[in-house]
Every structure is written in structure tokens, then in C-alpha cells.
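Visitor: Input: one structure, supplied below.
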Amino acid sequence: MVDLPMPGLRRPGAEPVFAEPVVADPHAPWQVAVGHDDAGLPVHVRWDPVALAVSPVPGFELQLGVTVPLAVGGEDGLPSPAEERRLASVEESLRESLEVGERARLVLVVTTRGVREFVAYAEDDDWVAGWVEEVRAELPDAQVMTQLDASWNSLRYFTP
């Protein structure tokens, strides 16, 4: 297992500060919050409110994380419009590969400091090693990690 550091975000006492969640449609499948970290840099978070409401899901204790560095970002560490399109394609590809046979669920996307992190929870790890290698081949600049998180703490940490 590899721990994926996010400087300024995961230190004790350095929780992101969020404004009120911004939701274009209250019935939308995901919710959005915009805030800043302890250094004042922007943090954009999207999460699946259904997953949050039912978490933790027994048996889905393996957290999968993919951190993709931005190819084109602004000084604020957030993606340009063109980069957003690329990241949307990456997200769709990850979602499709994770949710095959309901073996995992993408639940959280965090953008800050020049990266976008995708977080999912998986039912078991029989397929994970192969999946990690596939992601590394498709996204050679990305960091891929797995760790046990039976309480889904990562999801709870980033949601206001």
C-alpha cells in the first residue's frame, strides 16, 4: 500500500474550509463544494451524496485513489477549460473500469494544488492489481494507491 500525500490537506488540524455547498440541481447525482486549504489555496470537491449517506458500506473497505497531475493549470492550481475536458474523459474512463460488475464505486473527486484526485471504494481486491497496472499504463503520470479504509474516512474528510 502506498500513502498518497496531499500537503496542507491531510495534516491533523488542517481540514479544508468550505463555503456552503454549491449545487446547480438539488436532484443531481453529485454535489459540489468550493473552499480553501490551510494555505489559502482553492479546493474543489465533488462527491456522491448517496454514497456518503450509506457509507461505510460493509465489504467495500478497500480505498482506491488515482491522482492525476494537471497538464495545463492556472496559478491557483485549478485546471483550464481545456484541461477540464481531458479530466472529464479520464473520470469517465476510470468510472467505467471501476464500476464493472459493481465491484467498486467512484465516490469523491478533489481538485487542488495542480492535481485531481479520484477516490473509489472496492468490494475486494482480487482484480485490483490488474486494474492498477491498466491505469498506470493509460495514465503514466498519475499516482495510483490502495489502502484499507473501512470507515470511508477519506470521503468524510473532504465533505462539508
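Starting from 1 in every chain, residues are counted up; chains themselves are A, B, ... following the order of the C-alpha cells, and ligands are numbered from 1 as listed.
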Would you give me, as a ChimeraX atom specification, the residues in chain A that DSSP reads as strand (DSSP E)?

Guide: /A:17-18,31-36,42-47,62-69,104-112,115-122,143-148

Visitor: So which residues touch Val43 of chain A within 7 Å, counting only C-alpha atoms, skipping near sequence neighbours fewer than 6 positions away, as a list of chain:residue names?

Guide: A:Val34, A:Gly35, A:His36, A:Asp37, A:Thr111, A:Thr112

Visitor: Kindly save the residues from that selection, with N, CA, C and O atoms included, as a JSON list (two decimals), in the first residue's frame.

Guide:
```
[["chain", "number", "residue", "atom", "x", "y", "z"],
["A", 34, "VAL", "N", -16.81, 24.28, -2.75],
["A", 34, "VAL", "CA", -15.59, 25.02, -3.08],
["A", 34, "VAL", "C", -15.09, 25.65, -1.78],
["A", 34, "VAL", "O", -15.86, 26.26, -1.05],
["A", 35, "GLY", "N", -13.83, 25.46, -1.51],
["A", 35, "GLY", "CA", -13.26, 26.03, -0.30],
["A", 35, "GLY", "C", -11.78, 26.30, -0.50],
["A", 35, "GLY", "O", -11.33, 26.50, -1.63],
["A", 36, "HIS", "N", -11.04, 26.29, 0.59],
["A", 36, "HIS", "CA", -9.60, 26.52, 0.52],
["A", 36, "HIS", "C", -8.92, 25.69, 1.59],
["A", 36, "HIS", "O", -9.55, 25.29, 2.57],
["A", 37, "ASP", "N", -7.62, 25.43, 1.37],
["A", 37, "ASP", "CA", -6.87, 24.68, 2.37],
["A", 37, "ASP", "C", -6.24, 25.65, 3.36],
["A", 37, "ASP", "O", -6.49, 26.86, 3.32],
["A", 111, "THR", "N", -9.99, 18.46, -6.46],
["A", 111, "THR", "CA", -9.06, 19.19, -7.31],
["A", 111, "THR", "C", -8.43, 20.32, -6.50],
["A", 111, "THR", "O", -9.14, 21.15, -5.93],
["A", 112, "THR", "N", -7.10, 20.31, -6.46],
["A", 112, "THR", "CA", -6.37, 21.33, -5.74],
["A", 112, "THR", "C", -4.88, 21.20, -6.04],
["A", 112, "THR", "O", -4.42, 20.12, -6.43]]
```

Visitor: What are the DSSP helix (DSSP H, G or I) residues of segment 8-130 of chain A, as a PyMOL selection string?

Guide: chain A and resi 49-54+81-98+100-102+128-130

Visitor: So, counting only C-alpha atoms, which residue among A:Glu83, A:Trp131, A:Thr67, A:Leu62 is closest to Glu96 of chain A?

Guide: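 Among A:Glu83, A:Trp131, A:Thr67, A:Leu62, it is A:Trp131 that comes nearest to Glu96 of chain A.
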
Visitor: Applying 9 Å and only C-alpha atoms, which residues near segment 68-71 of chain A remain after dropping the ones on its own chain fewer than 6 positions away? List them as an MDAnalysis selection string.

Guide: chainID A and resid 77:80 83 87 90 114:118 139 141:144
